[in-house]
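Here is the structure we will look at, set down as structure tokens.
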Amino acid sequence: MQKKKPNEIVARNLAELLRVTEMSKTDLSRKSGVSLRSIYYALSQERIVGIDTVDALARVFGLSGYHLQMPEFDFKAMKSGKLDALIKGYIEGDEDGRMLMEAQAKYSVKKAASANDEGDTKKKKNGSDT
């Protein structure tokens, strides 16, 4: 699986937020103080937008800039605050705690990927891979 570039991730997540909230680009510009041109650049991936711009856009939705940079974006999970609590725990934890959290996260991701692969294999065997 090829990793997405940061500007691709921000573009996809911002477009999803606009879709889910039914907010126009004009409203986003007005509420964030970010020019329409910069919003266009972010959505089109024509240019990489700066950290301050991403943060300003995210704040309109009650999020932080790093939320828009997350490859597996889930708006409802972001709004719940659980992710922020997890990240705070990671940042404030000691080295052993961070290593344990990283090991657990890697294990969980690997397990989920394995389960998805098994599901895909079953679909193909049953002829329902569409």
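In the structure tokens, each chain is lettered A, B, ... as it comes, each chain's residues begin at 1, and ligands are numbered from 1 in order of appearance.
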
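Residues lying within 12 Å of A:Ser44, counting only C-alpha atoms and ignoring same-chain neighbours fewer than 6 positions away, are Asn7, Glu8, Ile9, Val10, Ala11, Arg12, Leu14, Ala15, Leu36, Arg37 and Ser38 of chain A.
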
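Of note, atom CA of A:Arg59 and atom CA of A:Ser32 are spaced 7.5 Å apart.
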
Counting only C-alpha atoms, the residue of A:Pro6, A:Ser29, A:Val109, A:Val34 that sits nearest A:Asp52: A:Val34

12 Å contact set for A:Asp27, only C-alpha atoms, chain neighbours under 2 positions out, as a list in words: Leu18, Thr21, Glu22, Met23, Ser24, Lys25, Ser29, Arg30, Lys31, Ser32, Gly33, Val34, Ser35, Leu36, Ile39, Leu57, Val60 and Phe61 of chain A

Take the residues that were just selected and, keeping N, CA and C atoms, output them as a tab-separated table (two decimals), in the first residue's frame.
```tsv
chain	number	residue	atom	x	y	z
A	18	LEU	N	-16.10	19.39	4.51
A	18	LEU	CA	-17.02	20.28	3.80
A	18	LEU	C	-18.28	19.53	3.39
A	21	THR	N	-20.42	18.57	6.69
A	21	THR	CA	-21.02	19.73	7.34
A	21	THR	C	-21.84	20.59	6.38
A	22	GLU	N	-21.77	20.27	5.10
A	22	GLU	CA	-22.46	21.03	4.05
A	22	GLU	C	-22.06	22.49	4.07
A	23	MET	N	-20.79	22.74	4.39
A	23	MET	CA	-20.27	24.10	4.42
A	23	MET	C	-19.66	24.44	3.05
A	24	SER	N	-19.90	25.65	2.61
A	24	SER	CA	-19.32	26.09	1.35
A	24	SER	C	-17.87	26.55	1.57
A	25	LYS	N	-17.13	26.60	0.52
A	25	LYS	CA	-15.75	27.10	0.60
A	25	LYS	C	-15.75	28.57	1.01
A	29	SER	N	-13.89	30.06	4.23
A	29	SER	CA	-12.95	31.18	4.11
A	29	SER	C	-13.29	32.28	5.11
A	30	ARG	N	-14.56	32.63	5.16
A	30	ARG	CA	-15.00	33.70	6.06
A	30	ARG	C	-14.76	33.32	7.52
A	31	LYS	N	-15.10	32.09	7.89
A	31	LYS	CA	-14.96	31.67	9.29
A	31	LYS	C	-13.53	31.43	9.73
A	32	SER	N	-12.67	31.03	8.78
A	32	SER	CA	-11.28	30.70	9.12
A	32	SER	C	-10.32	31.86	8.94
A	33	GLY	N	-10.71	32.84	8.10
A	33	GLY	CA	-9.78	33.91	7.78
A	33	GLY	C	-8.76	33.50	6.72
A	34	VAL	N	-8.96	32.34	6.13
A	34	VAL	CA	-8.08	31.82	5.07
A	34	VAL	C	-8.70	32.20	3.73
A	35	SER	N	-7.88	32.69	2.82
A	35	SER	CA	-8.40	33.12	1.52
A	35	SER	C	-9.00	31.95	0.74
A	36	LEU	N	-9.96	32.26	-0.12
A	36	LEU	CA	-10.55	31.25	-0.99
A	36	LEU	C	-9.47	30.60	-1.86
A	39	ILE	N	-7.72	27.97	0.10
A	39	ILE	CA	-8.60	26.81	0.26
A	39	ILE	C	-8.61	26.01	-1.03
A	57	LEU	N	-8.05	26.26	9.30
A	57	LEU	CA	-9.16	25.56	8.65
A	57	LEU	C	-9.78	24.54	9.61
A	60	VAL	N	-12.22	25.75	12.49
A	60	VAL	CA	-13.61	26.03	12.11
A	60	VAL	C	-14.51	24.83	12.44
A	61	PHE	N	-13.95	23.63	12.34
A	61	PHE	CA	-14.71	22.41	12.58
A	61	PHE	C	-14.53	21.89	14.01
```

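If only C-alpha atoms are the atoms counted, then among A:Met101, A:Leu43, A:Lys110, A:Leu68 the closest residue to A:Asp55 is A:Leu68.
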